[in-house]
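Have a look at the structure below before the remarks.
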Amino acid sequence: MSVNEIPYKIYLSESDIPSTWYNLRADMKNKPAPLLNPGTGQPLTAEEMSGIFCEELVKQELDDQTPYIEIPKEIQSFYKMYRPSPLVRAYCLEKELGTPAKIYYKFEGNNTSGSHKLNSAVAQAYYAKKQGLKGVTTETGAGQWGTALSMACSYFGLDCKVYMVKVSYEQKPFRREVMRTYGAQVTPSPSMTTEVGKKILAEHPDTTGSLGCAISEAVEVAVKNPGYRYVLGSVLNQVLLHQSVIGLETKAALDKYGIKPDMIIGCAGGGSNLGGLIAPFMGQKLRGEADYQIIAVEPASCPSFTRGVFAYDFCDTGMICPLAKMYTLGSSFIPSPNHAGGLRFHGMSTILSQLYHDGYMEARAVEQTSVFEAAEQFARIEGILPAPESSHAIRVAIDEALKCKETGEEKTIVFGLTGTGYFDLVAYQKYNDGEMTDYIPTDEDLAKSIAALPKVPGVE
Ligand SMILES: *Cc1c(COP(=O)(O)O)cnc(C)c1O
């Protein structure tokens, strides 16, 4: 089939929505390291985890053997409301760039929450309901995860308590109101409603908050309230599992036209969209069936892959969560307040960390003004107003397409367009007013938080 016959949007039909998730860990020779109990330094048991997470999700978290896991019918029905998501051929962008590269993006912003996070939110809410729980607690940074979870909880009739990073709570009142419209209770973090929040506020009264703080608060509330469990929108193995629906659909759409990508690009905060997008491709790569260049893109102001260390660390600032072995800047790292573009987490998925460590993927760090330049260019020519997070991937996709222009290579580039930017207009305003600046942490900044990494008993 000639290139011209490939439509602008490759839609799959409803029956092409995957009925199983793909568990990438099953094909990894070096499995991601287990979560540790910070007190004992021993791997967390299912029993210990079940005080924090829903039982079925604990099973998924620990399962690194089963390649395909059935998606329950109720979740498949929910997926049908907004999936399959389109894989778009960026013909207009290609033309504008004058590149011989072929650019595709998988657009996950076509639902009210505006991002891919709904793919895991619905799964986590479903399992909580099935277990007979009253509700769930969580943190949210920019607000996409909280919004997605609010939607999923209202659908299944679950209570939803969201701790929202204070700077976002103030900068993104509209997202907060979407969550409340779906029935969630939203608290700015750090707050005086938890012990850990009070402690953090006593030490740093002016803090604008961080995801790490908000996680500590949400976990505390879940553990202290019977009938509640904590849910997390990224980083965890279970979340990458649910997000594999993105990659499975992408692969099915490409296969339909016999397209083989050379390069797959995604932004990386905690790693869930990227882990999901690359899952089936990385699976082929791990099994030696195909090769792809895979690139994680992160902000230069929160560069966990490119400048972090591969070590056990807390997932939260309050140091009450389990330890994960990951690329991390240290759990006390808080990105500069001028950082507007999301992707603020200090660590990274253990799955992606292991794959990166083993050389199966690369990472690039990009500065936020260049990210917003790419966002603007993309919005003007492709029509979609992208989320700042997604725009990290756009930046590198454009850079790579421009390299192809120089070399004449007709590479096929696929990137994840994770969401829309309608609620990120304070950041766009800063950019449009010429007030956006870049801040790259100094080596000393990073050395401080990295030096504070926990000493784990029995672990190097
Ligand atoms: C949360 C979010 C991200 C980053 O999270 P990952 O877990 O790394 O995928 C990226 N894009 C959007 C739109 C988001 O909401």
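Note on naming: chains are A, B, ... as they come in the structure tokens, residues start from 1 per chain, ligands start from 1 in the order shown.
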
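Using only C-alpha atoms, the contacts of Lys285 (chain A) at a cut-off of 9 Å, with sequence neighbours closer than 6 positions omitted, comprise A:Asp291, A:Tyr292, A:Tyr360.
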
Rows by chain and residue number, chain A within 7 Å of ligand 1, shortest pair, only C-alpha atoms and all ligand atoms, as a tab-separated table:
residue	atom	partner	partner_atom_place_in_ligand_line	distance
A:Ser115	CA	ligand 1	13 (C)	4.8
A:His116	CA	ligand 1	13 (C)	6.6
A:Lys117	CA	ligand 1	15 (O)	6.2
A:Gln144	CA	ligand 1	15 (O)	4.7
A:Trp145	CA	ligand 1	1 (C)	6.3
A:Gly233	CA	ligand 1	7 (O)	6.8
A:Ser234	CA	ligand 1	7 (O)	4.2
A:Val235	CA	ligand 1	7 (O)	6.1
A:Cys267	CA	ligand 1	10 (C)	6.1
A:Ala268	CA	ligand 1	8 (O)	3.9
A:Gly269	CA	ligand 1	8 (O)	3.3
A:Gly270	CA	ligand 1	8 (O)	4.0
A:Gly271	CA	ligand 1	8 (O)	3.6
A:Ser272	CA	ligand 1	7 (O)	3.6
A:Asn273	CA	ligand 1	9 (O)	3.6
A:Leu274	CA	ligand 1	9 (O)	5.9
A:Leu343	CA	ligand 1	4 (C)	5.5
A:Ala387	CA	ligand 1	13 (C)	5.4
A:Glu389	CA	ligand 1	11 (N)	4.5
A:Ser390	CA	ligand 1	11 (N)	4.9
A:Thr418	CA	ligand 1	13 (C)	4.5
A:Gly419	CA	ligand 1	13 (C)	3.9
A:Thr420	CA	ligand 1	13 (C)	6.5

Just to be explicit: take each residue in the selection above, keep N, CA, C and O atoms, and write the result as a PDB file, in the first residue's frame.
ATOM      1  N   SER A 115      -6.682  12.996  29.362  1.00  0.00           N
ATOM      2  CA  SER A 115      -5.387  12.312  29.247  1.00  0.00           C
ATOM      3  C   SER A 115      -5.555  10.796  29.283  1.00  0.00           C
ATOM      4  O   SER A 115      -6.656  10.277  29.488  1.00  0.00           O
ATOM      5  N   HIS A 116      -4.402  10.125  29.140  1.00  0.00           N
ATOM      6  CA  HIS A 116      -4.369   8.665  29.187  1.00  0.00           C
ATOM      7  C   HIS A 116      -4.682   8.112  30.571  1.00  0.00           C
ATOM      8  O   HIS A 116      -4.909   6.919  30.728  1.00  0.00           O
ATOM      9  N   LYS A 117      -4.678   8.954  31.604  1.00  0.00           N
ATOM     10  CA  LYS A 117      -4.769   8.446  32.975  1.00  0.00           C
ATOM     11  C   LYS A 117      -6.057   7.665  33.235  1.00  0.00           C
ATOM     12  O   LYS A 117      -6.111   6.805  34.104  1.00  0.00           O
ATOM     13  N   GLN A 144      -4.560  15.864  36.242  1.00  0.00           N
ATOM     14  CA  GLN A 144      -5.141  14.906  35.294  1.00  0.00           C
ATOM     15  C   GLN A 144      -5.520  13.594  35.969  1.00  0.00           C
ATOM     16  O   GLN A 144      -6.561  13.022  35.691  1.00  0.00           O
ATOM     17  N   TRP A 145      -4.649  13.120  36.824  1.00  0.00           N
ATOM     18  CA  TRP A 145      -4.927  11.847  37.474  1.00  0.00           C
ATOM     19  C   TRP A 145      -6.139  11.977  38.392  1.00  0.00           C
ATOM     20  O   TRP A 145      -7.047  11.142  38.365  1.00  0.00           O
ATOM     21  N   GLY A 233      -1.515   6.996  40.214  1.00  0.00           N
ATOM     22  CA  GLY A 233      -1.782   7.134  38.780  1.00  0.00           C
ATOM     23  C   GLY A 233      -0.611   6.880  37.863  1.00  0.00           C
ATOM     24  O   GLY A 233      -0.736   6.995  36.638  1.00  0.00           O
ATOM     25  N   SER A 234       0.543   6.551  38.428  1.00  0.00           N
ATOM     26  CA  SER A 234       1.716   6.337  37.579  1.00  0.00           C
ATOM     27  C   SER A 234       2.697   5.438  38.336  1.00  0.00           C
ATOM     28  O   SER A 234       2.340   4.885  39.384  1.00  0.00           O
ATOM     29  N   VAL A 235       3.899   5.323  37.834  1.00  0.00           N
ATOM     30  CA  VAL A 235       5.046   4.676  38.490  1.00  0.00           C
ATOM     31  C   VAL A 235       4.888   3.165  38.725  1.00  0.00           C
ATOM     32  O   VAL A 235       5.760   2.391  38.385  1.00  0.00           O
ATOM     33  N   CYS A 267       6.780  11.087  26.518  1.00  0.00           N
ATOM     34  CA  CYS A 267       7.219  11.859  27.681  1.00  0.00           C
ATOM     35  C   CYS A 267       7.222  10.932  28.897  1.00  0.00           C
ATOM     36  O   CYS A 267       6.508   9.932  28.933  1.00  0.00           O
ATOM     37  N   ALA A 268       8.050  11.275  29.871  1.00  0.00           N
ATOM     38  CA  ALA A 268       8.153  10.410  31.047  1.00  0.00           C
ATOM     39  C   ALA A 268       8.103  11.230  32.324  1.00  0.00           C
ATOM     40  O   ALA A 268       8.988  12.039  32.593  1.00  0.00           O
ATOM     41  N   GLY A 269       7.020  11.025  33.077  1.00  0.00           N
ATOM     42  CA  GLY A 269       6.908  11.606  34.410  1.00  0.00           C
ATOM     43  C   GLY A 269       7.224  10.496  35.393  1.00  0.00           C
ATOM     44  O   GLY A 269       8.331  10.363  35.903  1.00  0.00           O
ATOM     45  N   GLY A 270       6.226   9.639  35.627  1.00  0.00           N
ATOM     46  CA  GLY A 270       6.466   8.420  36.396  1.00  0.00           C
ATOM     47  C   GLY A 270       6.630   7.231  35.472  1.00  0.00           C
ATOM     48  O   GLY A 270       6.969   6.140  35.903  1.00  0.00           O
ATOM     49  N   GLY A 271       6.364   7.446  34.189  1.00  0.00           N
ATOM     50  CA  GLY A 271       6.644   6.417  33.193  1.00  0.00           C
ATOM     51  C   GLY A 271       5.452   5.615  32.693  1.00  0.00           C
ATOM     52  O   GLY A 271       5.630   4.693  31.901  1.00  0.00           O
ATOM     53  N   SER A 272       4.221   5.987  33.097  1.00  0.00           N
ATOM     54  CA  SER A 272       3.113   5.085  32.759  1.00  0.00           C
ATOM     55  C   SER A 272       2.689   5.160  31.299  1.00  0.00           C
ATOM     56  O   SER A 272       2.451   4.126  30.673  1.00  0.00           O
ATOM     57  N   ASN A 273       2.581   6.361  30.730  1.00  0.00           N
ATOM     58  CA  ASN A 273       2.153   6.407  29.323  1.00  0.00           C
ATOM     59  C   ASN A 273       3.226   5.808  28.431  1.00  0.00           C
ATOM     60  O   ASN A 273       2.932   5.067  27.502  1.00  0.00           O
ATOM     61  N   LEU A 274       4.481   6.133  28.744  1.00  0.00           N
ATOM     62  CA  LEU A 274       5.573   5.609  27.916  1.00  0.00           C
ATOM     63  C   LEU A 274       5.649   4.089  28.049  1.00  0.00           C
ATOM     64  O   LEU A 274       5.759   3.376  27.045  1.00  0.00           O
ATOM     65  N   LEU A 343       5.213  16.533  34.855  1.00  0.00           N
ATOM     66  CA  LEU A 343       6.346  15.599  34.922  1.00  0.00           C
ATOM     67  C   LEU A 343       7.269  15.956  36.090  1.00  0.00           C
ATOM     68  O   LEU A 343       8.479  16.034  35.937  1.00  0.00           O
ATOM     69  N   ALA A 387      -1.167  19.007  25.919  1.00  0.00           N
ATOM     70  CA  ALA A 387      -0.745  19.184  27.311  1.00  0.00           C
ATOM     71  C   ALA A 387       0.755  19.481  27.309  1.00  0.00           C
ATOM     72  O   ALA A 387       1.491  18.971  26.457  1.00  0.00           O
ATOM     73  N   GLU A 389       2.926  18.305  29.239  1.00  0.00           N
ATOM     74  CA  GLU A 389       3.644  17.030  29.413  1.00  0.00           C
ATOM     75  C   GLU A 389       3.852  16.369  28.054  1.00  0.00           C
ATOM     76  O   GLU A 389       4.964  15.972  27.701  1.00  0.00           O
ATOM     77  N   SER A 390       2.764  16.266  27.300  1.00  0.00           N
ATOM     78  CA  SER A 390       2.829  15.610  25.984  1.00  0.00           C
ATOM     79  C   SER A 390       3.803  16.342  25.068  1.00  0.00           C
ATOM     80  O   SER A 390       4.430  15.738  24.191  1.00  0.00           O
ATOM     81  N   THR A 418      -0.229  12.465  24.912  1.00  0.00           N
ATOM     82  CA  THR A 418      -0.941  11.919  26.077  1.00  0.00           C
ATOM     83  C   THR A 418      -2.174  12.710  26.475  1.00  0.00           C
ATOM     84  O   THR A 418      -3.047  12.171  27.134  1.00  0.00           O
ATOM     85  N   GLY A 419      -2.229  13.988  26.120  1.00  0.00           N
ATOM     86  CA  GLY A 419      -3.416  14.725  26.569  1.00  0.00           C
ATOM     87  C   GLY A 419      -3.517  16.126  26.015  1.00  0.00           C
ATOM     88  O   GLY A 419      -2.650  16.604  25.277  1.00  0.00           O
ATOM     89  N   THR A 420      -4.607  16.776  26.415  1.00  0.00           N
ATOM     90  CA  THR A 420      -4.872  18.144  25.964  1.00  0.00           C
ATOM     91  C   THR A 420      -4.447  19.153  27.028  1.00  0.00           C
ATOM     92  O   THR A 420      -4.303  18.814  28.196  1.00  0.00           O
TER      93      THR A 420
END

> Quick one: DSSP alpha helix (DSSP H) residues in region 372-436 of chain A, as a ChimeraX atom specification?
Replying inline: /A:372-382,388-407,425-432

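Near Ala90 (chain A), within 6 Å and counting only C-alpha atoms, sit Leu93, Ile103 and Tyr104 of chain A, not including residues fewer than 3 positions from it in the same chain.
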
Quick one: write out the picked residues with all heavy atoms as a tab-separated table (two decimals), in the first residue's frame?
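Below is the file part-v5.tsv, written as the result:
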chain	number	residue	atom	x	y	z
A	93	LEU	N	2.03	18.48	9.94
A	93	LEU	CA	3.29	18.80	10.61
A	93	LEU	C	4.48	18.40	9.73
A	93	LEU	O	5.45	19.15	9.59
A	93	LEU	CB	3.37	18.08	11.97
A	93	LEU	CG	4.64	18.30	12.79
A	93	LEU	CD1	4.79	19.77	13.20
A	93	LEU	CD2	4.65	17.42	14.05
A	103	ILE	N	5.47	10.88	10.51
A	103	ILE	CA	5.21	11.07	11.93
A	103	ILE	C	3.79	10.63	12.28
A	103	ILE	O	2.84	11.03	11.61
A	103	ILE	CB	5.39	12.56	12.33
A	103	ILE	CG1	6.74	13.09	11.84
A	103	ILE	CG2	5.24	12.73	13.83
A	103	ILE	CD1	6.93	14.60	12.05
A	104	TYR	N	3.68	9.81	13.31
A	104	TYR	CA	2.37	9.39	13.80
A	104	TYR	C	2.29	9.72	15.29
A	104	TYR	O	3.29	9.64	15.99
A	104	TYR	CB	2.18	7.88	13.67
A	104	TYR	CG	2.17	7.37	12.26
A	104	TYR	CD1	3.36	7.10	11.58
A	104	TYR	CD2	0.95	7.15	11.62
A	104	TYR	CE1	3.33	6.62	10.28
A	104	TYR	CE2	0.93	6.67	10.31
A	104	TYR	CZ	2.12	6.41	9.65
A	104	TYR	OH	2.10	5.95	8.37

Considering only C-alpha atoms, tabulate each residue of region 323-409 of chain A that lies at most 12 Å from region 428-435 of chain A along with its nearest interatomic pair and the corresponding distance in Å to one decimal; arrange the rows by chain and ascending residue number and present them as a tab-separated table.
residue	atom	partner	partner_atom	distance
A:Asn338	CA	A:Glu435	CA	9.9
A:His339	CA	A:Lys430	CA	10.9
A:Ala340	CA	A:Lys430	CA	8.9
A:Gly341	CA	A:Tyr428	CA	9.6
A:Gln368	CA	A:Tyr431	CA	9.4
A:Thr369	CA	A:Tyr431	CA	7.3
A:Ser370	CA	A:Tyr431	CA	10.2
A:Val371	CA	A:Tyr431	CA	10.2
A:Phe372	CA	A:Tyr431	CA	7.0
A:Glu373	CA	A:Tyr431	CA	8.6
A:Ala374	CA	A:Tyr431	CA	11.6
A:Ala375	CA	A:Tyr428	CA	9.4
A:Glu376	CA	A:Tyr428	CA	9.0
A:Ala379	CA	A:Tyr428	CA	11.7
A:Leu385	CA	A:Tyr428	CA	10.2
A:Pro386	CA	A:Tyr428	CA	10.5
A:Ala387	CA	A:Tyr428	CA	9.8
A:Pro388	CA	A:Tyr428	CA	8.6
A:Ser391	CA	A:Tyr428	CA	11.8

>> Which of region 299-360 of chain A end up as strand (DSSP E or B) when DSSP is run on this backbone - answer as a PyMOL selection string?
In response: chain A and resi 299+309-314+323-328

Give me a file of those residues, with C-alpha atoms, as a PDB file, in the first residue's frame.
ATOM      1  CA  PRO A 299      12.048  17.963  31.715  1.00  0.00           C
ATOM      2  CA  VAL A 309      20.961   7.575  40.161  1.00  0.00           C
ATOM      3  CA  PHE A 310      19.672   3.991  39.937  1.00  0.00           C
ATOM      4  CA  ALA A 311      18.993   3.195  43.563  1.00  0.00           C
ATOM      5  CA  TYR A 312      16.371   2.295  46.132  1.00  0.00           C
ATOM      6  CA  ASP A 313      14.424   5.350  47.190  1.00  0.00           C
ATOM      7  CA  PHE A 314      11.146   6.378  48.734  1.00  0.00           C
ATOM      8  CA  LEU A 323      11.147   1.778  48.608  1.00  0.00           C
ATOM      9  CA  ALA A 324      11.422   1.335  44.858  1.00  0.00           C
ATOM     10  CA  LYS A 325      14.603   0.729  42.882  1.00  0.00           C
ATOM     11  CA  MET A 326      14.514   3.363  40.222  1.00  0.00           C
ATOM     12  CA  TYR A 327      16.257   6.268  38.580  1.00  0.00           C
ATOM     13  CA  THR A 328      15.741   8.993  41.142  1.00  0.00           C
TER      14      THR A 328
END
